[in-house]
file entry_21.cif (mmCIF, C-alpha atoms)
data_query
#
loop_
_atom_site.group_PDB
_atom_site.id
_atom_site.type_symbol
_atom_site.label_atom_id
_atom_site.label_comp_id
_atom_site.auth_asym_id
_atom_site.auth_seq_id
_atom_site.Cartn_x
_atom_site.Cartn_y
_atom_site.Cartn_z
ATOM 1 C CA MET A 910 0.000 0.000 0.000
ATOM 2 C CA ASN A 911 2.890 2.363 0.791
ATOM 3 C CA TRP A 912 4.339 1.863 -2.725
ATOM 4 C CA LEU A 913 0.977 2.715 -4.238
ATOM 5 C CA MET A 914 0.824 6.027 -2.383
ATOM 6 C CA THR A 915 4.420 6.856 -3.315
ATOM 7 C CA GLY A 916 3.779 6.015 -6.967
ATOM 8 C CA GLY A 917 0.610 8.117 -6.998
ATOM 9 C CA SER A 918 2.409 11.075 -5.446
ATOM 10 C CA LEU A 919 5.235 10.800 -7.948
ATOM 11 C CA ALA A 920 2.771 10.675 -10.825
ATOM 12 C CA ALA A 921 1.001 13.785 -9.495
ATOM 13 C CA VAL A 922 4.286 15.704 -9.209
ATOM 14 C CA LEU A 923 5.297 14.739 -12.738
ATOM 15 C CA ALA A 924 1.868 15.719 -14.072
ATOM 16 C CA LEU A 925 2.079 19.145 -12.411
ATOM 17 C CA GLY A 926 5.595 19.609 -13.788
ATOM 18 C CA GLY A 927 4.314 18.797 -17.258
ATOM 19 C CA ILE A 928 1.477 21.300 -16.917
ATOM 20 C CA ALA A 929 3.903 24.002 -15.703
ATOM 21 C CA ALA A 930 6.216 23.323 -18.655
ATOM 22 C CA ALA A 931 3.301 23.465 -21.103
ATOM 23 C CA LEU A 932 2.192 26.817 -19.672
ATOM 24 C CA ARG A 933 5.806 28.036 -19.695
ATOM 25 C CA LEU A 934 5.677 28.914 -16.016
ATOM 26 C CA GLY A 935 9.074 29.786 -14.600
ATOM 27 C CA ARG A 936 10.377 30.729 -18.032
ATOM 28 C CA THR A 937 13.792 32.353 -17.752
ATOM 29 C CA ASP A 938 14.639 33.304 -21.339
ATOM 30 C CA ARG A 939 13.947 36.681 -22.907
ATOM 31 C CA MET A 940 10.377 37.462 -23.800
ATOM 32 C CA LEU A 941 10.922 40.688 -25.726
ATOM 33 C CA ILE A 942 13.519 40.200 -28.420
ATOM 34 C CA GLU A 943 12.436 42.273 -31.414
ATOM 35 C CA THR A 944 10.807 45.695 -31.408
ATOM 36 C CA ASP A 945 7.956 44.162 -33.401
ATOM 37 C CA ASP A 946 7.244 41.916 -30.386
ATOM 38 C CA ALA A 947 6.970 44.970 -28.139
ATOM 39 C CA LEU A 948 4.818 46.915 -30.619
ATOM 40 C CA ARG A 949 2.452 43.973 -31.030
ATOM 41 C CA ALA A 950 2.211 43.365 -27.271
ATOM 42 C CA ALA A 951 1.376 47.019 -26.570
ATOM 43 C CA ASP A 952 -1.191 47.159 -29.382
ATOM 44 C CA ASP A 953 -2.847 43.994 -28.043
ATOM 45 C CA ALA A 954 -2.835 45.112 -24.403
ATOM 46 C CA VAL A 955 -4.095 48.691 -24.709
ATOM 47 C CA ALA A 956 -7.334 49.431 -26.522
ATOM 48 C CA GLY A 957 -6.953 51.992 -29.297
ATOM 49 C CA PHE A 958 -3.178 52.125 -28.984
ATOM 50 C CA THR A 959 -0.978 51.993 -32.066
ATOM 51 C CA GLY A 960 2.721 51.775 -31.362
ATOM 52 C CA VAL A 961 5.142 53.469 -33.725
ATOM 53 C CA SER A 962 8.496 52.827 -32.031
ATOM 54 C CA ALA A 963 9.872 50.878 -29.103
ATOM 55 C CA VAL A 964 13.012 50.412 -27.064
ATOM 56 C CA ILE A 965 13.707 47.130 -25.267
ATOM 57 C CA GLY A 966 15.895 46.671 -22.210
ATOM 58 C CA ALA A 967 19.129 44.728 -22.676
ATOM 59 C CA ASP A 968 17.781 41.815 -20.626
ATOM 60 C CA GLY A 969 14.573 41.613 -22.691
ATOM 61 C CA ARG A 970 12.368 41.914 -19.610
ATOM 62 C CA ALA A 971 10.952 45.396 -20.232
ATOM 63 C CA ALA A 972 10.197 47.846 -23.028
ATOM 64 C CA LEU A 973 8.845 51.315 -23.655
ATOM 65 C CA VAL A 974 6.500 51.670 -26.599
ATOM 66 C CA PHE A 975 5.658 55.063 -28.031
ATOM 67 C CA GLY A 976 2.297 55.544 -29.706
ATOM 68 C CA GLU A 977 1.166 57.695 -32.580
ATOM 69 C CA ASP A 978 -1.158 59.515 -30.164
ATOM 70 C CA ARG A 979 1.809 60.484 -27.912
ATOM 71 C CA ARG A 980 0.885 57.903 -25.268
ATOM 72 C CA VAL A 981 3.643 55.778 -23.764
ATOM 73 C CA VAL A 982 3.202 52.152 -22.718
ATOM 74 C CA VAL A 983 5.603 50.275 -20.466
ATOM 75 C CA LEU A 984 5.809 46.514 -20.889
ATOM 76 C CA LYS A 985 7.335 44.017 -18.501
ATOM 77 C CA THR A 986 7.532 40.275 -18.525
ATOM 78 C CA HIS A 987 5.465 38.561 -15.889
ATOM 79 C CA GLY A 988 6.179 34.858 -15.997
ATOM 80 C CA ALA A 989 5.275 33.679 -19.483
ATOM 81 C CA ARG A 990 3.103 36.740 -20.109
ATOM 82 C CA ILE A 991 3.701 40.407 -20.805
ATOM 83 C CA ALA A 992 2.022 43.039 -18.625
ATOM 84 C CA ALA A 993 1.389 46.565 -19.929
ATOM 85 C CA ARG A 994 0.493 49.951 -18.487
ATOM 86 C CA VAL A 995 -0.045 53.368 -20.047
ATOM 87 C CA ILE A 996 2.219 55.808 -18.238
ATOM 88 C CA GLU A 997 2.912 59.497 -18.067
ATOM 89 C CA TRP A 998 6.184 60.589 -19.622
ATOM 90 C CA ASP A 999 7.341 62.179 -16.349
ATOM 91 C CA ALA A 1000 7.326 58.696 -14.715
ATOM 92 C CA VAL A 1001 10.461 57.824 -16.721
ATOM 93 C CA ARG A 1002 13.900 58.804 -15.447
ATOM 94 C CA ALA A 1003 17.482 57.916 -16.215
ATOM 95 C CA THR A 1004 19.520 55.892 -13.730
ATOM 96 C CA PRO A 1005 23.015 54.386 -13.991
ATOM 97 C CA GLY A 1006 21.476 50.958 -14.713
ATOM 98 C CA GLY A 1007 19.075 52.178 -17.388
ATOM 99 C CA MET A 1008 15.758 53.964 -17.683
ATOM 100 C CA LEU A 1009 13.508 53.511 -14.641
ATOM 101 C CA VAL A 1010 9.741 53.744 -14.975
ATOM 102 C CA GLU A 1011 7.916 54.441 -11.733
ATOM 103 C CA THR A 1012 4.355 53.418 -12.511
ATOM 104 C CA GLY A 1013 2.918 54.481 -9.176
ATOM 105 C CA GLU A 1014 1.074 51.169 -8.959
ATOM 106 C CA ARG A 1015 2.042 48.970 -6.068
ATOM 107 C CA ARG A 1016 1.137 45.712 -7.809
ATOM 108 C CA PHE A 1017 2.812 46.586 -11.121
ATOM 109 C CA GLY A 1018 5.828 48.182 -9.467
ATOM 110 C CA ALA A 1019 8.748 50.071 -10.924
ATOM 111 C CA VAL A 1020 10.228 48.795 -14.174
ATOM 112 C CA LEU A 1021 13.894 49.035 -15.167
ATOM 113 C CA LEU A 1022 14.869 49.046 -18.830
ATOM 114 C CA ALA A 1023 18.380 47.729 -18.331
ATOM 115 C CA GLY A 1024 21.036 49.277 -20.534
ATOM 116 C CA VAL A 1025 18.704 51.849 -22.107
ATOM 117 C CA ASP A 1026 19.797 55.465 -21.842
ATOM 118 C CA ALA A 1027 18.163 58.812 -22.493
ATOM 119 C CA LEU A 1028 19.730 59.004 -25.961
ATOM 120 C CA ASP A 1029 18.023 55.742 -26.978
ATOM 121 C CA VAL A 1030 14.679 57.122 -25.862
ATOM 122 C CA ARG A 1031 15.220 60.513 -27.476
ATOM 123 C CA ARG A 1032 16.119 58.869 -30.787
ATOM 124 C CA LEU A 1033 12.911 56.787 -30.789
ATOM 125 C CA ALA A 1034 10.494 59.370 -29.460
ATOM 126 C CA PRO A 1035 11.689 62.891 -30.281
ATOM 127 C CA GLN A 1036 8.129 64.210 -30.024
ATOM 128 C CA LEU A 1037 8.118 63.419 -26.292
ATOM 129 C CA THR A 1038 11.418 65.086 -25.461
ATOM 130 C CA ARG A 1039 10.781 68.440 -27.146
ATOM 131 C CA VAL A 1040 10.477 71.427 -24.895
#
call {"tool": "encode", "arguments": {"input": "entry_21.cif", "output": "structure tokens"}}
result
Amino acid sequence: MNWLMTGGSLAAVLALGGIAAALRLGRTDRMLIETDDALRAADDAVAGFTGVSAVIGADGRAALVFGEDRRVVVLKTHGARIAARVIEWDAVRATPGGMLVETGERRFGAVLLAGVDALDVRRLAPQLTRV
């Protein structure tokens, strides 16, 4: 009887591992590789948004997408999914590690675009940096 319980437990653990792998839970590789990925993700996540340019962090875990209507969307990987928020331009600031987006939302948190500097952002969205 003890072997039956052990075998059943092992089967359950393997089944849950298979489900987690199928859902790509715990995925560690980059989610955002190409700017087209970021543009598509922002367009899908925000109603009425059309992205025109994007900058992706060096680690592929975050991106800023600039829209034709001057809105800015921040993307971040969240497990196997990509979360998005429309932000105000003044929520973005330069840090030594990259551009930091302070969303003001406790659950979403601050997002770091690793390796991205102000020049990268200015090149992609000159309409936002004009005085």
call {"tool": "resolve_selection", "arguments": {"input": "entry_21.cif", "expression": "the PyMOL selection byres ((chain A and resi 1024-1028) around 7)", "output": "JSON, numbers by chain"}}
result
{"A": [966, 967, 1003, 1006, 1007, 1008, 1022, 1023, 1029, 1030, 1031, 1032]}
call {"tool": "resolve_selection", "arguments": {"input": "entry_21.cif", "expression": "the PyMOL selection byres ((chain A and resi 983) around 12)", "output": "JSON, numbers by chain"}}
result
{"A": [947, 948, 950, 951, 952, 954, 955, 960, 963, 964, 965, 966, 970, 971, 972, 973, 974, 975, 976, 980, 981, 982, 984, 985, 986, 991, 992, 993, 994, 995, 996, 997, 998, 1000, 1001, 1008, 1009, 1010, 1011, 1012, 1017, 1018, 1019, 1020, 1021, 1022]}
call {"tool": "closest_residue", "arguments": {"input": "entry_21.cif", "among": "A:Met940, A:Glu977, A:Thr1004, A:Phe958", "to": "Ala989 in chain A", "atoms": "only C-alpha atoms"}}
result
A:Met940
call {"tool": "atom_distance", "arguments": {"input": "entry_21.cif", "atom1": "CA of Val961 in chain A", "atom2": "CA of Arg979 in chain A"}}
result
9.7 Å
call {"tool": "atom_distance", "arguments": {"input": "entry_21.cif", "atom1": "CA of Asp999 in chain A", "atom2": "CA of Asp968 in chain A"}}
result
23.3 Å
call {"tool": "atom_distance", "arguments": {"input": "entry_21.cif", "atom1": "CA of Pro1005 in chain A", "atom2": "CA of Ile942 in chain A"}}
result
22.4 Å
call {"tool": "build_atoms", "arguments": {"input": "entry_21.cif", "residues": "range 997-1008 of chain A", "atoms": "all heavy atoms", "output": "short mmCIF file (atom, residue, chain, number, x, y, z; two decimals), in the coordinates of the input"}}
result
data_model
loop_
_atom_site.label_atom_id
_atom_site.label_comp_id
_atom_site.auth_asym_id
_atom_site.auth_seq_id
_atom_site.Cartn_x
_atom_site.Cartn_y
_atom_site.Cartn_z
N GLU A 997 2.60 58.10 -17.77
CA GLU A 997 2.91 59.50 -18.07
C GLU A 997 4.41 59.59 -18.33
O GLU A 997 5.21 58.89 -17.72
CB GLU A 997 2.54 60.40 -16.89
CG GLU A 997 1.06 60.41 -16.58
CD GLU A 997 0.24 61.02 -17.70
OE1 GLU A 997 0.72 61.98 -18.35
OE2 GLU A 997 -0.88 60.52 -17.94
N TRP A 998 4.79 60.47 -19.24
CA TRP A 998 6.18 60.59 -19.62
C TRP A 998 7.06 60.98 -18.44
O TRP A 998 8.21 60.57 -18.34
CB TRP A 998 6.31 61.59 -20.76
CG TRP A 998 7.72 61.78 -21.21
CD1 TRP A 998 8.42 62.93 -21.23
CD2 TRP A 998 8.60 60.77 -21.71
NE1 TRP A 998 9.69 62.72 -21.70
CE2 TRP A 998 9.82 61.39 -22.01
CE3 TRP A 998 8.48 59.40 -21.93
CZ2 TRP A 998 10.92 60.70 -22.51
CZ3 TRP A 998 9.58 58.71 -22.42
CH2 TRP A 998 10.77 59.36 -22.70
N ASP A 999 6.52 61.75 -17.49
CA ASP A 999 7.34 62.18 -16.35
C ASP A 999 7.60 61.05 -15.35
O ASP A 999 8.35 61.23 -14.39
CB ASP A 999 6.74 63.39 -15.66
CG ASP A 999 5.34 63.15 -15.11
OD1 ASP A 999 4.82 62.03 -15.26
OD2 ASP A 999 4.78 64.09 -14.53
N ALA A 1000 7.05 59.86 -15.57
CA ALA A 1000 7.33 58.70 -14.72
C ALA A 1000 8.63 58.00 -15.11
O ALA A 1000 9.08 57.09 -14.43
CB ALA A 1000 6.17 57.69 -14.79
N VAL A 1001 9.24 58.45 -16.21
CA VAL A 1001 10.46 57.82 -16.72
C VAL A 1001 11.66 58.70 -16.35
O VAL A 1001 11.64 59.91 -16.56
CB VAL A 1001 10.39 57.66 -18.26
CG1 VAL A 1001 11.64 56.99 -18.79
CG2 VAL A 1001 9.14 56.91 -18.67
N ARG A 1002 12.69 58.04 -15.77
CA ARG A 1002 13.90 58.80 -15.45
C ARG A 1002 15.13 57.94 -15.68
O ARG A 1002 15.07 56.72 -15.63
CB ARG A 1002 13.87 59.33 -14.03
CG ARG A 1002 13.90 58.29 -12.96
CD ARG A 1002 13.81 58.96 -11.56
NE ARG A 1002 13.66 57.98 -10.53
CZ ARG A 1002 14.66 57.42 -9.87
NH1 ARG A 1002 15.90 57.77 -10.15
NH2 ARG A 1002 14.45 56.52 -8.94
N ALA A 1003 16.22 58.61 -15.96
CA ALA A 1003 17.48 57.92 -16.22
C ALA A 1003 18.16 57.55 -14.90
O ALA A 1003 18.18 58.34 -13.96
CB ALA A 1003 18.39 58.80 -17.06
N THR A 1004 18.72 56.36 -14.86
CA THR A 1004 19.52 55.89 -13.73
C THR A 1004 20.80 55.27 -14.30
O THR A 1004 20.85 55.00 -15.51
CB THR A 1004 18.78 54.84 -12.88
OG1 THR A 1004 18.62 53.65 -13.65
CG2 THR A 1004 17.42 55.35 -12.42
N PRO A 1005 21.79 55.02 -13.47
CA PRO A 1005 23.02 54.39 -13.99
C PRO A 1005 22.78 53.01 -14.63
O PRO A 1005 23.49 52.61 -15.53
CB PRO A 1005 23.91 54.27 -12.75
CG PRO A 1005 23.43 55.35 -11.85
CD PRO A 1005 21.96 55.45 -12.09
N GLY A 1006 21.75 52.29 -14.17
CA GLY A 1006 21.48 50.96 -14.71
C GLY A 1006 20.60 50.95 -15.94
O GLY A 1006 20.44 49.93 -16.60
N GLY A 1007 19.99 52.08 -16.25
CA GLY A 1007 19.08 52.18 -17.39
C GLY A 1007 17.93 53.12 -17.06
O GLY A 1007 17.96 53.82 -16.06
N MET A 1008 16.92 53.10 -17.90
CA MET A 1008 15.76 53.96 -17.68
C MET A 1008 14.83 53.29 -16.68
O MET A 1008 14.49 52.11 -16.83
CB MET A 1008 15.02 54.22 -18.99
CG MET A 1008 15.86 54.95 -20.03
SD MET A 1008 16.50 56.55 -19.51
CE MET A 1008 15.04 57.53 -19.60
#
